[in-house]
Amino acid sequence: MTKPTPTEIGHGYDAFADLLDQIWGENLHHGYWKDASDDASLEEATERLTARLSAMLTVKPGSRVLDIGCGIGEPAIRLATAHDIEVVGVSISERQVQRANDRAASAGLADRLSFQLADAMDLPFPDESFDIVWAMESMHHMPDRWHVLRQAARVLRPGGQVAIADFLLVPGADGEKPDGARVREASKGVLSVVDLDEYLSHIREAGLVPQSTEDVSAHTRPSWGKAAVRFAALREQAEPHIGAEQFDLTLSRFHSFSQETTLGYVLLTARKPD
Ligand SMILES: C[S@@+](CC[C@H](N)C(=O)[O-])C[C@H]1O[C@@H](n2cnc3c(N)ncnc32)[C@H](O)[C@@H]1O
């Protein structure tokens, strides 16, 4: 199976919005749990991950932020609630863009938040037009992550920062060697991951300087199992849309990822030189 195109990904998010709402809630990304005794809900834990990535940034009042792969706008709403900033979000899903704009208006933030349909592979913004580029769990969808990284560097003003939350290839339990091919195989080609050294070298090649990285693999991994439990409960609703075979495949993928200790997760920031 080959990786879906951006258009197919957008249609998928449009078609499965209701299911995604029931699985993930408002944040379409992983959660953060402190340790095995942490019984935070998925909703609480996903908010925490947004807060952790946001805490790695220096956000100045008046900053202009680009949110690449904005989902239904919740991380942008959180950022704009905490800081006096303007956020422009892009998504490849028309329905998400509509909902994100509606949600921003309901939150009384429409004067500072706007969302539009755009492909991150071809960002429709001038060079040096943002102070911060934020990409939370969207880079793995891109046909070419490193092209999007170069796009991010292009639209950033000198001195600006990029903040990324993304999947990562990490050493497994008991020092097991990371195996990107196995992760790709388990995801049927959908999820390709690299290790931190390779990620950082692409960041440098894009003209950015890595600032901070946090390997949150162990803290985010419970997300797969918790999402699987919610997805399993939605069989009756999901099967008529995706069929029994696809339902079982997706569920088994969630379970196998929850056991895959070389599939990790990283939060990182980088800076465009002045
Ligand atoms: C897992 S969701 C994360 C959403 C949001 N960042 C959040 O944390 O709630 C991935 C997002 O990436 C977006 N996306 C995927 N491919 C894209 C592309 N080529 N251009 C723009 N957005 C894209 C999807 O539409 C979706 O909004």
# chains A, B, ... in the order shown; residues from 1 in each chain; ligands from 1
call {"tool": "residues_around", "arguments": {"residues": "region 248-252 of chain A", "least_positions_apart": "5", "cutoff": "12 Å", "atoms": "only C-alpha atoms", "output": "MDAnalysis selection string"}}
result
chainID A and resid 186:188 190 224:235 238:239 242:243 257:259
call {"tool": "closest_atom_pairs", "arguments": {"of": "region 71-174 of chain A", "to": "region 209-215 of chain A", "cutoff": "10 Å", "atoms": "only C-alpha atoms", "output": "tab-separated table"}}
result
residue	atom	partner	partner_atom	distance
A:Gln161	CA	A:Gln211	CA	9.0
A:Val162	CA	A:Pro210	CA	9.2
A:Ala163	CA	A:Ser212	CA	9.5
A:Ile164	CA	A:Thr213	CA	9.5
A:Ala165	CA	A:Glu214	CA	9.6
A:Phe167	CA	A:Asp215	CA	9.9
A:Leu168	CA	A:Asp215	CA	8.5
A:Val170	CA	A:Asp215	CA	8.8
call {"tool": "closest_atom_pairs", "arguments": {"of": "chain A", "to": "ligand 1", "cutoff": "7 Å", "atoms": "only C-alpha atoms and all ligand atoms", "output": "JSON lines"}}
result
{"residue": "A:Pro6", "atom": "CA", "partner": "ligand 1", "partner_atom_place_in_ligand_line": "19 (N)", "distance": 4.5}
{"residue": "A:Ile9", "atom": "CA", "partner": "ligand 1", "partner_atom_place_in_ligand_line": "15 (C)", "distance": 6.2}
{"residue": "A:Gly10", "atom": "CA", "partner": "ligand 1", "partner_atom_place_in_ligand_line": "25 (O)", "distance": 5.4}
{"residue": "A:Tyr13", "atom": "CA", "partner": "ligand 1", "partner_atom_place_in_ligand_line": "25 (O)", "distance": 6.3}
{"residue": "A:Glu26", "atom": "CA", "partner": "ligand 1", "partner_atom_place_in_ligand_line": "9 (O)", "distance": 6.6}
{"residue": "A:Asn27", "atom": "CA", "partner": "ligand 1", "partner_atom_place_in_ligand_line": "9 (O)", "distance": 3.9}
{"residue": "A:Leu28", "atom": "CA", "partner": "ligand 1", "partner_atom_place_in_ligand_line": "9 (O)", "distance": 3.7}
{"residue": "A:His29", "atom": "CA", "partner": "ligand 1", "partner_atom_place_in_ligand_line": "8 (O)", "distance": 4.6}
{"residue": "A:Ile68", "atom": "CA", "partner": "ligand 1", "partner_atom_place_in_ligand_line": "22 (N)", "distance": 5.9}
{"residue": "A:Gly69", "atom": "CA", "partner": "ligand 1", "partner_atom_place_in_ligand_line": "12 (O)", "distance": 3.4}
{"residue": "A:Cys70", "atom": "CA", "partner": "ligand 1", "partner_atom_place_in_ligand_line": "6 (N)", "distance": 4.3}
{"residue": "A:Gly71", "atom": "CA", "partner": "ligand 1", "partner_atom_place_in_ligand_line": "27 (O)", "distance": 3.4}
{"residue": "A:Ile72", "atom": "CA", "partner": "ligand 1", "partner_atom_place_in_ligand_line": "9 (O)", "distance": 6.3}
{"residue": "A:Gly73", "atom": "CA", "partner": "ligand 1", "partner_atom_place_in_ligand_line": "9 (O)", "distance": 6.5}
{"residue": "A:Glu74", "atom": "CA", "partner": "ligand 1", "partner_atom_place_in_ligand_line": "9 (O)", "distance": 6.0}
{"residue": "A:Pro75", "atom": "CA", "partner": "ligand 1", "partner_atom_place_in_ligand_line": "9 (O)", "distance": 5.9}
{"residue": "A:Val90", "atom": "CA", "partner": "ligand 1", "partner_atom_place_in_ligand_line": "21 (C)", "distance": 5.7}
{"residue": "A:Ser91", "atom": "CA", "partner": "ligand 1", "partner_atom_place_in_ligand_line": "22 (N)", "distance": 3.7}
{"residue": "A:Ile92", "atom": "CA", "partner": "ligand 1", "partner_atom_place_in_ligand_line": "22 (N)", "distance": 4.2}
{"residue": "A:Ser93", "atom": "CA", "partner": "ligand 1", "partner_atom_place_in_ligand_line": "25 (O)", "distance": 4.7}
{"residue": "A:Gln96", "atom": "CA", "partner": "ligand 1", "partner_atom_place_in_ligand_line": "27 (O)", "distance": 6.7}
{"residue": "A:Ala118", "atom": "CA", "partner": "ligand 1", "partner_atom_place_in_ligand_line": "21 (C)", "distance": 5.6}
{"residue": "A:Asp119", "atom": "CA", "partner": "ligand 1", "partner_atom_place_in_ligand_line": "20 (N)", "distance": 3.6}
{"residue": "A:Ala120", "atom": "CA", "partner": "ligand 1", "partner_atom_place_in_ligand_line": "20 (N)", "distance": 3.8}
{"residue": "A:Met121", "atom": "CA", "partner": "ligand 1", "partner_atom_place_in_ligand_line": "19 (N)", "distance": 5.7}
{"residue": "A:Ala135", "atom": "CA", "partner": "ligand 1", "partner_atom_place_in_ligand_line": "6 (N)", "distance": 6.3}
{"residue": "A:Met136", "atom": "CA", "partner": "ligand 1", "partner_atom_place_in_ligand_line": "6 (N)", "distance": 4.2}
{"residue": "A:Glu137", "atom": "CA", "partner": "ligand 1", "partner_atom_place_in_ligand_line": "3 (C)", "distance": 5.0}
{"residue": "A:Ser138", "atom": "CA", "partner": "ligand 1", "partner_atom_place_in_ligand_line": "12 (O)", "distance": 4.0}
{"residue": "A:His141", "atom": "CA", "partner": "ligand 1", "partner_atom_place_in_ligand_line": "16 (N)", "distance": 4.9}
{"residue": "A:Met142", "atom": "CA", "partner": "ligand 1", "partner_atom_place_in_ligand_line": "19 (N)", "distance": 5.2}
call {"tool": "select_by_dssp", "arguments": {"residues": "region 120-161 of chain A", "states": "helix (DSSP H, G or I)", "output": "list of chain:residue names"}}
result
A:Ala120, A:Met121, A:Asp122, A:Met139, A:His140, A:His141, A:Arg145, A:Trp146, A:His147, A:Val148, A:Leu149, A:Arg150, A:Gln151, A:Ala152, A:Ala153, A:Arg154, A:Val155
call {"tool": "residues_around", "arguments": {"residues": "Ile132 (chain A)", "least_positions_apart": "3", "cutoff": "7 Å", "atoms": "only C-alpha atoms", "output": "list in words"}}
result
Arg64, Val65, Leu66, Leu156, Gly160, Gln161 and Val162 of chain A
call {"tool": "write_last_selection", "arguments": {"atoms": "all heavy atoms", "output": "short mmCIF file (atom, residue, chain, number, x, y, z; two decimals), in the first residue's frame"}}
result
data_model
loop_
_atom_site.label_atom_id
_atom_site.label_comp_id
_atom_site.auth_asym_id
_atom_site.auth_seq_id
_atom_site.Cartn_x
_atom_site.Cartn_y
_atom_site.Cartn_z
N ARG A 64 3.14 36.48 14.60
CA ARG A 64 2.28 35.86 13.58
C ARG A 64 2.70 34.40 13.48
O ARG A 64 3.88 34.11 13.20
CB ARG A 64 2.46 36.62 12.27
CG ARG A 64 1.46 36.27 11.24
CD ARG A 64 1.30 37.38 10.19
NE ARG A 64 0.22 37.04 9.28
CZ ARG A 64 0.41 36.54 8.06
NH1 ARG A 64 1.63 36.37 7.58
NH2 ARG A 64 -0.63 36.22 7.30
N VAL A 65 1.74 33.51 13.68
CA VAL A 65 2.04 32.07 13.75
C VAL A 65 1.34 31.34 12.60
O VAL A 65 0.16 31.59 12.34
CB VAL A 65 1.53 31.49 15.10
CG1 VAL A 65 1.80 29.99 15.19
CG2 VAL A 65 2.16 32.23 16.28
N LEU A 66 2.07 30.44 11.95
CA LEU A 66 1.45 29.56 10.95
C LEU A 66 1.31 28.17 11.56
O LEU A 66 2.29 27.59 12.03
CB LEU A 66 2.34 29.48 9.70
CG LEU A 66 1.90 28.45 8.65
CD1 LEU A 66 0.52 28.79 8.06
CD2 LEU A 66 2.93 28.34 7.52
N LEU A 156 9.38 31.64 7.30
CA LEU A 156 9.78 32.18 8.61
C LEU A 156 10.61 33.45 8.44
O LEU A 156 11.47 33.53 7.56
CB LEU A 156 10.65 31.17 9.36
CG LEU A 156 10.01 30.23 10.36
CD1 LEU A 156 11.12 29.43 11.05
CD2 LEU A 156 9.14 30.95 11.39
N GLY A 160 12.95 33.68 13.53
CA GLY A 160 11.72 32.97 13.85
C GLY A 160 11.97 31.52 14.26
O GLY A 160 13.07 30.99 14.09
N GLN A 161 10.93 30.92 14.81
CA GLN A 161 11.08 29.54 15.33
C GLN A 161 10.08 28.58 14.68
O GLN A 161 8.97 28.98 14.33
CB GLN A 161 10.79 29.52 16.83
CG GLN A 161 11.89 30.04 17.72
CD GLN A 161 11.46 29.93 19.16
OE1 GLN A 161 10.51 30.59 19.58
NE2 GLN A 161 12.14 29.10 19.93
N VAL A 162 10.51 27.33 14.59
CA VAL A 162 9.60 26.27 14.17
C VAL A 162 9.43 25.31 15.35
O VAL A 162 10.38 25.06 16.09
CB VAL A 162 10.11 25.57 12.88
CG1 VAL A 162 11.43 24.92 13.07
CG2 VAL A 162 9.14 24.56 12.36
#
call {"tool": "residues_around", "arguments": {"residues": "Gln98 (chain A)", "least_positions_apart": "2", "cutoff": "10 Å", "atoms": "only C-alpha atoms", "output": "list of chain:residue names"}}
result
A:Ile72, A:Gly73, A:Ser93, A:Glu94, A:Arg95, A:Gln96, A:Ala100, A:Asn101, A:Asp102, A:Arg103, A:Ser114, A:Phe115, A:Gln116, A:Leu117
